>>> print(open('data23.cif').read())   # mmCIF, C-alpha atoms
data_data
#
loop_
_atom_site.label_atom_id
_atom_site.label_comp_id
_atom_site.auth_asym_id
_atom_site.auth_seq_id
_atom_site.Cartn_x
_atom_site.Cartn_y
_atom_site.Cartn_z
CA MET A 1 -56.62 35.99 -89.15
CA SER A 2 -59.20 38.36 -87.70
CA SER A 3 -60.69 40.91 -90.08
CA GLU A 4 -61.09 43.45 -87.29
CA GLN A 5 -59.14 46.63 -87.83
CA PRO A 6 -56.45 47.44 -85.26
CA ALA A 7 -57.44 50.08 -82.75
CA GLY A 8 -55.46 52.10 -80.24
CA MET A 9 -51.93 53.23 -80.85
CA LEU A 10 -51.06 50.40 -83.24
CA ALA A 11 -53.41 52.00 -85.74
CA ARG A 12 -50.92 54.88 -85.99
CA LEU A 13 -48.25 52.65 -87.50
CA ALA A 14 -48.23 53.29 -91.25
CA GLY A 15 -48.61 50.27 -93.52
CA ASN A 16 -47.91 46.87 -91.95
CA ASP A 17 -51.59 45.91 -91.92
CA ALA A 18 -51.01 42.19 -91.29
CA LEU A 19 -48.59 42.91 -88.45
CA LYS A 20 -50.99 45.33 -86.77
CA GLN A 21 -53.86 42.91 -87.10
CA ASP A 22 -51.89 39.97 -85.72
CA LEU A 23 -50.64 41.91 -82.70
CA SER A 24 -54.02 43.53 -82.01
CA THR A 25 -55.78 40.17 -82.19
CA ALA A 26 -53.27 38.54 -79.83
CA LEU A 27 -53.53 41.46 -77.43
CA ARG A 28 -57.34 41.40 -77.33
CA ALA A 29 -57.34 37.63 -76.82
CA GLY A 30 -54.77 37.77 -74.01
CA ARG A 31 -52.36 35.66 -76.09
CA LEU A 32 -49.59 38.17 -76.61
CA PRO A 33 -46.18 36.48 -76.11
CA HIS A 34 -44.17 37.96 -73.24
CA SER A 35 -41.10 38.41 -75.48
CA ILE A 36 -41.44 39.92 -78.96
CA LEU A 37 -38.72 40.71 -81.50
CA LEU A 38 -39.62 43.34 -84.10
CA VAL A 39 -37.29 43.17 -87.08
CA GLY A 40 -37.00 45.93 -89.63
CA GLU A 41 -34.32 47.82 -91.52
CA ALA A 42 -33.12 51.06 -89.98
CA GLY A 43 -35.65 53.87 -90.23
CA CYS A 44 -38.69 51.75 -91.11
CA GLY A 45 -40.35 52.10 -87.71
CA ALA A 46 -39.57 49.02 -85.61
CA GLY A 47 -38.97 51.19 -82.55
CA PHE A 48 -42.18 53.13 -83.14
CA ALA A 49 -44.09 49.88 -83.63
CA ALA A 50 -42.70 48.63 -80.31
CA ARG A 51 -43.89 51.78 -78.52
CA CYS A 52 -47.33 51.55 -80.13
CA LEU A 53 -47.69 47.96 -78.94
CA ALA A 54 -46.42 48.88 -75.48
CA ALA A 55 -48.96 51.69 -75.22
CA ASP A 56 -51.83 49.37 -76.13
CA TYR A 57 -50.57 46.71 -73.71
CA LEU A 58 -50.12 49.05 -70.75
CA TYR A 59 -53.05 51.41 -71.35
CA PRO A 60 -55.78 49.72 -73.44
CA ALA A 61 -58.07 52.72 -72.99
CA GLY A 62 -55.46 55.11 -74.38
CA GLY A 63 -55.16 58.57 -72.89
CA PRO A 64 -52.21 60.70 -71.71
CA HIS A 65 -50.22 57.76 -70.38
CA ALA A 66 -50.45 55.97 -73.72
CA GLU A 67 -49.30 59.12 -75.51
CA ALA A 68 -46.37 59.32 -73.10
CA VAL A 69 -45.33 55.79 -74.06
CA LEU A 70 -45.12 56.84 -77.71
CA ARG A 71 -42.86 59.73 -76.70
CA GLY A 72 -40.69 57.39 -74.61
CA GLU A 73 -41.61 59.17 -71.39
CA ASP A 74 -43.84 56.76 -69.42
CA SER A 75 -42.55 55.57 -66.04
CA GLU A 76 -43.67 51.97 -66.64
CA CYS A 77 -41.31 51.62 -69.61
CA LEU A 78 -37.62 50.88 -69.24
CA SER A 79 -35.33 51.23 -72.26
CA VAL A 80 -31.91 49.84 -73.07
CA ARG A 81 -29.76 50.53 -76.12
CA GLY A 82 -26.10 50.33 -77.12
CA GLU A 83 -23.64 52.75 -75.60
CA GLY A 84 -20.13 54.05 -76.15
CA ALA A 85 -17.77 53.63 -79.07
CA SER A 86 -18.56 49.92 -79.41
CA GLY A 87 -22.31 50.49 -79.46
CA GLN A 88 -22.76 47.35 -77.40
CA ILE A 89 -25.34 46.84 -74.66
CA LYS A 90 -23.35 46.34 -71.48
CA VAL A 91 -24.13 43.65 -68.93
CA GLU A 92 -24.27 46.26 -66.17
CA ARG A 93 -27.15 47.98 -67.94
CA ILE A 94 -29.14 44.74 -68.15
CA ARG A 95 -28.50 44.00 -64.48
CA ASP A 96 -29.66 47.49 -63.58
CA VAL A 97 -32.99 47.19 -65.40
CA ARG A 98 -33.46 43.66 -64.02
CA GLU A 99 -33.15 45.08 -60.52
CA LYS A 100 -35.68 47.81 -61.31
CA ILE A 101 -38.16 45.34 -62.78
CA GLN A 102 -37.95 42.95 -59.86
CA HIS A 103 -38.00 45.42 -56.99
CA SER A 104 -40.08 48.42 -58.02
CA ALA A 105 -43.84 48.65 -57.60
CA LEU A 106 -46.19 48.88 -60.54
CA SER A 107 -48.27 51.98 -61.10
CA ALA A 108 -51.96 51.54 -60.34
CA ASP A 109 -52.74 53.02 -63.79
CA ALA A 110 -50.78 50.50 -65.87
CA ALA A 111 -51.62 46.93 -66.83
CA GLY A 112 -48.00 45.88 -66.47
CA ARG A 113 -44.51 47.01 -67.36
CA VAL A 114 -42.45 47.03 -70.57
CA LEU A 115 -38.73 46.59 -71.14
CA PHE A 116 -37.49 47.80 -74.52
CA ILE A 117 -34.22 46.47 -75.90
CA TYR A 118 -33.51 48.71 -78.86
CA GLY A 119 -30.99 47.12 -81.20
CA ALA A 120 -30.95 43.64 -79.69
CA GLY A 121 -28.11 42.73 -82.04
CA SER A 122 -25.92 44.85 -79.75
CA LEU A 123 -26.28 42.39 -76.88
CA ASN A 124 -22.91 40.70 -76.32
CA GLY A 125 -22.38 37.31 -74.69
CA SER A 126 -22.46 38.62 -71.12
CA SER A 127 -25.39 40.98 -71.53
CA ALA A 128 -27.34 38.34 -73.47
CA ASN A 129 -26.83 35.82 -70.66
CA ALA A 130 -28.06 38.38 -68.14
CA MET A 131 -31.07 39.09 -70.36
CA LEU A 132 -31.87 35.38 -70.64
CA LYS A 133 -32.17 35.11 -66.87
CA ILE A 134 -35.05 37.60 -66.95
CA MET A 135 -36.68 36.17 -70.07
CA GLU A 136 -36.62 32.58 -68.81
CA GLU A 137 -38.46 33.53 -65.61
CA PRO A 138 -40.28 36.73 -66.54
CA PRO A 139 -41.81 38.76 -63.70
CA GLU A 140 -45.60 38.83 -63.90
CA GLY A 141 -46.98 41.51 -66.18
CA VAL A 142 -43.65 42.35 -67.86
CA LEU A 143 -43.56 42.53 -71.66
CA PHE A 144 -40.16 42.38 -73.39
CA LEU A 145 -40.02 44.24 -76.70
CA LEU A 146 -36.82 43.87 -78.69
CA THR A 147 -35.93 45.49 -81.99
CA ALA A 148 -33.26 44.61 -84.54
CA THR A 149 -32.40 45.46 -88.12
CA SER A 150 -31.88 41.75 -88.83
CA ALA A 151 -32.98 38.62 -86.99
CA ALA A 152 -29.62 37.04 -87.86
CA ALA A 153 -27.86 39.81 -85.91
CA VAL A 154 -29.55 38.69 -82.68
CA LEU A 155 -27.87 35.90 -80.73
CA PRO A 156 -29.75 32.61 -81.22
CA THR A 157 -30.26 32.17 -77.48
CA ILE A 158 -32.23 35.45 -77.38
CA ARG A 159 -33.94 35.01 -80.74
CA SER A 160 -35.27 31.56 -79.84
CA ARG A 161 -37.16 32.95 -76.85
CA CYS A 162 -39.00 35.61 -78.84
CA ALA A 163 -41.95 35.67 -81.20
CA ALA A 164 -40.48 37.45 -84.23
CA TYR A 165 -42.41 39.85 -86.44
CA THR A 166 -41.24 41.86 -89.44
CA VAL A 167 -41.83 45.61 -89.72
CA THR A 168 -41.73 46.77 -93.34
CA PRO A 169 -41.45 50.25 -94.86
CA ALA A 170 -44.77 51.99 -95.44
CA PRO A 171 -46.26 52.32 -98.92
CA GLN A 172 -44.95 55.61 -100.28
CA PRO A 173 -48.32 57.44 -100.26
CA GLU A 174 -48.81 56.49 -96.59
CA CYS A 175 -45.24 57.50 -95.84
CA ALA A 176 -45.76 60.91 -97.48
CA ALA A 177 -48.99 61.43 -95.53
CA ALA A 178 -47.27 60.52 -92.27
CA LEU A 179 -44.44 62.94 -93.03
CA ARG A 180 -46.88 65.79 -93.62
CA ARG A 181 -48.63 65.05 -90.33
CA ALA A 182 -45.31 65.06 -88.49
CA LEU A 183 -43.85 68.01 -90.43
CA PRO A 184 -46.66 70.43 -91.39
CA ALA A 185 -44.19 72.76 -93.12
CA LEU A 186 -43.58 70.16 -95.85
CA ASP A 187 -45.58 70.61 -99.02
CA ALA A 188 -46.99 67.62 -100.89
CA ARG A 189 -44.12 67.43 -103.40
CA GLN A 190 -41.43 67.55 -100.70
CA ALA A 191 -43.17 64.81 -98.73
CA GLN A 192 -43.52 62.64 -101.83
CA ASP A 193 -39.85 63.12 -102.73
CA LEU A 194 -38.72 62.17 -99.22
CA ALA A 195 -41.01 59.13 -99.24
CA PHE A 196 -39.51 58.07 -102.57
CA LEU A 197 -35.91 58.82 -101.58
CA TYR A 198 -36.14 56.75 -98.39
CA ASP A 199 -38.41 54.14 -99.98
CA GLY A 200 -41.20 54.42 -97.40
CA ARG A 201 -38.94 54.44 -94.31
CA ILE A 202 -40.63 57.15 -92.28
CA GLY A 203 -38.02 57.27 -89.53
CA ALA A 204 -35.18 57.70 -92.02
CA ALA A 205 -37.06 60.51 -93.78
CA LEU A 206 -37.79 62.28 -90.50
CA ASP A 207 -34.14 62.03 -89.49
CA ALA A 208 -33.12 63.68 -92.75
CA VAL A 209 -35.19 66.70 -91.76
CA ASN A 210 -34.91 66.75 -87.95
CA ASP A 211 -31.51 65.26 -87.06
CA PRO A 212 -28.72 67.85 -87.60
CA ALA A 213 -26.06 65.20 -88.27
CA VAL A 214 -28.19 63.32 -90.80
CA LYS A 215 -29.34 66.58 -92.38
CA ALA A 216 -25.71 67.65 -92.85
CA ALA A 217 -24.82 64.26 -94.31
CA ARG A 218 -27.73 64.50 -96.74
CA ALA A 219 -26.57 67.95 -97.88
CA ALA A 220 -22.99 66.70 -98.36
CA ALA A 221 -24.27 63.66 -100.28
CA ARG A 222 -26.24 65.89 -102.63
CA GLU A 223 -23.09 67.93 -103.26
CA LEU A 224 -21.11 64.76 -103.94
CA CYS A 225 -23.81 63.70 -106.40
CA ARG A 226 -23.42 67.01 -108.21
CA GLN A 227 -19.64 66.60 -108.42
CA ALA A 228 -20.05 63.04 -109.67
CA THR A 229 -22.44 64.29 -112.36
CA ALA A 230 -19.95 67.03 -113.35
CA ARG A 231 -17.04 64.55 -113.13
CA ASP A 232 -15.23 67.08 -110.97
CA THR A 233 -12.71 64.96 -109.09
CA TYR A 234 -11.02 67.99 -107.51
CA ARG A 235 -14.17 69.32 -105.84
CA ALA A 236 -15.28 65.82 -104.86
CA ALA A 237 -11.91 65.25 -103.18
CA ALA A 238 -12.11 68.62 -101.41
CA LEU A 239 -15.57 67.76 -100.08
CA LEU A 240 -14.51 64.32 -98.86
CA ALA A 241 -11.30 65.64 -97.27
CA ARG A 242 -13.46 67.18 -94.53
CA TYR A 243 -14.23 63.67 -93.28
CA GLU A 244 -10.68 62.30 -93.09
CA LYS A 245 -10.74 62.46 -89.28
CA ASP A 246 -14.46 61.85 -88.83
CA LYS A 247 -15.28 58.19 -89.39
CA GLU A 248 -18.85 58.50 -88.05
CA GLY A 249 -19.52 61.49 -90.28
CA ALA A 250 -18.02 59.66 -93.26
CA ALA A 251 -20.26 56.66 -92.59
CA ARG A 252 -23.34 58.91 -92.51
CA LEU A 253 -22.25 60.57 -95.76
CA LEU A 254 -21.79 57.19 -97.46
CA ALA A 255 -25.20 56.00 -96.26
CA GLN A 256 -26.89 59.10 -97.66
CA THR A 257 -24.91 58.86 -100.90
CA LEU A 258 -25.99 55.26 -101.41
CA GLN A 259 -29.58 56.27 -100.70
CA ALA A 260 -29.40 59.05 -103.29
CA ALA A 261 -27.83 56.74 -105.87
CA SER A 262 -30.51 54.11 -105.25
CA ALA A 263 -33.26 56.69 -105.76
CA SER A 264 -31.72 57.87 -109.04
CA LEU A 265 -31.44 54.29 -110.26
CA ARG A 266 -35.10 53.71 -109.47
CA ARG A 267 -36.10 57.01 -111.09
CA PRO A 268 -33.41 58.35 -113.44
CA GLY A 269 -33.12 62.10 -113.14
CA PHE A 270 -34.25 62.19 -109.52
CA ASP A 271 -32.45 65.07 -107.82
CA GLY A 272 -30.61 65.78 -111.09
CA MET A 273 -28.60 62.56 -111.41
CA ASP A 274 -28.85 60.19 -114.36
CA ALA A 275 -28.73 56.40 -114.09
CA PRO A 276 -25.13 55.83 -115.34
CA THR A 277 -23.80 58.40 -112.84
CA ALA A 278 -25.90 56.88 -110.08
CA ALA A 279 -24.57 53.40 -110.85
CA ARG A 280 -20.96 54.64 -110.85
CA LEU A 281 -21.48 56.51 -107.58
CA ALA A 282 -23.20 53.54 -105.95
CA ARG A 283 -20.28 51.26 -106.83
CA ALA A 284 -17.76 53.78 -105.52
CA ALA A 285 -19.64 54.48 -102.28
CA GLY A 286 -20.21 50.77 -101.69
CA ALA A 287 -16.50 50.07 -102.13
CA ALA A 288 -15.63 52.90 -99.71
CA ALA A 289 -18.05 51.53 -97.14
CA ARG A 290 -16.44 48.09 -97.39
CA ARG A 291 -12.97 49.58 -96.97
CA MET A 292 -14.12 51.45 -93.88
CA ALA A 293 -15.80 48.36 -92.43
CA ALA A 294 -12.50 46.51 -92.83
CA ASN A 295 -10.81 49.30 -90.80
CA GLY A 296 -8.88 50.44 -93.83
CA ASN A 297 -7.20 53.82 -94.05
CA LEU A 298 -10.03 56.38 -93.99
CA ARG A 299 -8.13 59.01 -95.94
CA LEU A 300 -7.27 56.52 -98.68
CA ALA A 301 -10.88 55.23 -98.81
CA LEU A 302 -12.18 58.77 -99.32
CA THR A 303 -9.51 59.62 -101.90
CA LEU A 304 -10.42 56.53 -103.90
CA LEU A 305 -14.10 57.41 -103.56
CA ALA A 306 -13.53 60.82 -105.12
CA ALA A 307 -11.57 59.31 -108.00
CA GLU A 308 -14.03 56.49 -108.66
CA ALA A 309 -17.19 58.57 -108.24
CA ALA A 310 -16.21 61.56 -110.34
CA GLY A 311 -13.49 60.13 -112.55
#
>>> encode(input="data23.cif", output="structure tokens")
Amino acid sequence: MSSEQPAGMLARLAGNDALKQDLSTALRAGRLPHSILLVGEAGCGAGFAARCLAADYLYPAGGPHAEAVLRGEDSECLSVRGEGASGQIKVERIRDVREKIQHSALSADAAGRVLFIYGAGSLNGSSANAMLKIMEEPPEGVLFLLTATSAAAVLPTIRSRCAAYTVTPAPQPECAAALRRALPALDARQAQDLAFLYDGRIGAALDAVNDPAVKAARAAARELCRQATARDTYRAAALLARYEKDKEGAARLLAQTLQAASASLRRPGFDGMDAPTAARLARAAGAAARRMAANGNLRLALTLLAAEAAG
């Protein structure tokens, strides 16, 4: 492996030194595979890593166009992600981008073109087959960048045609520093707490501050933690009753509750919750998540959660 430090936009990715070095070396040597799968748990930066690599591939000299790639605004980048209630990537969307790739002219400023497939595990049989037709005979200069939370979630036919790399959470000090750069209003302690809570997953920490739905779920999870600590089943049930007709909101609440419980197990007393309470809450929230995943009765799952978490 080259000892040269990554330059360009890839250098902005926190942590992941081996990944950055491998991709930078391949890019400089002209050996970058035309299809790359970046695997990382939600919020750890796989999408950001993909945009950093795309920027360095399209605009090696950097500049405004490279910055636009990081913002998801450059005209030489096409993006596809899951849509609708199913969250699946539809075959019509793949056919549409295939048409654009094959019949639109490249910009004189760019070294090629990039197609992002965010959440490649959302490709179904039809859309995967349509994607394979492009990947098997890739147009010249096109780089395919796919992301997934798990390699196993990606259909084998797609996975086998990609060079797979793992994106890991950043070390917590680097995560805290990145959060302060992105959110100047955060003080050092707040940034450190967020980095610890989300275990170095910068994207997840940013969502907790910037995304209204995630922010609300985080606030509700903190309240549920307080009721679990007080063993107040009545107030826990009243809180959870708000989500009886909101499965997406309930899922976000459970995710944030599990995150809070994990943090308190790793550091007892974090956010005011001791380890035994955190363990009880984690078991209860995990059971509720499994009931929801099995399409069980949402109201019953939340009622049981209140009883098990605070009882």
>>> closest_residue(input="data23.cif", among="A:Gly112, A:Gly8, A:Pro173, A:Pro212", to="Asp199 (chain A)", atoms="only C-alpha atoms")
A:Pro173
>>> resolve_selection(input="data23.cif", expression="the PyMOL selection byres ((chain A and resi 286) around 12)", output="VMD selection string")
chain A and resid 251 253 to 259 261 to 262 278 to 285 287 to 293 301 to 302 304 to 305 308 to 309
>>> axis_aligned_box(input="data23.cif", around="region 131-136 of chain A", padding_each_side="3 Å", output="lines of an AutoDock Vina configuration file")
center_x = -33.9
center_y = 35.8
center_z = -68.8
size_x = 11.6
size_y = 12.5
size_z = 9.8
>>> closest_residue(input="data23.cif", among="A:Val69, A:Ala310, A:Leu206, A:Leu23", to="Val167 (chain A)", atoms="all atoms listed in the file")
A:Leu23
>>> residues_around(input="data23.cif", residues="Thr157 (chain A)", least_positions_apart="6", cutoff="10 Å", atoms="only C-alpha atoms", output="PyMOL selection string")
chain A and resi 125+128-129+131-132
>>> resolve_selection(input="data23.cif", expression="the PyMOL selection byres ((chain A and resi 143) around 8)", output="NGL selection string")
:A and (33-35 or 54 or 112-115 or 141-142 or 144-145)
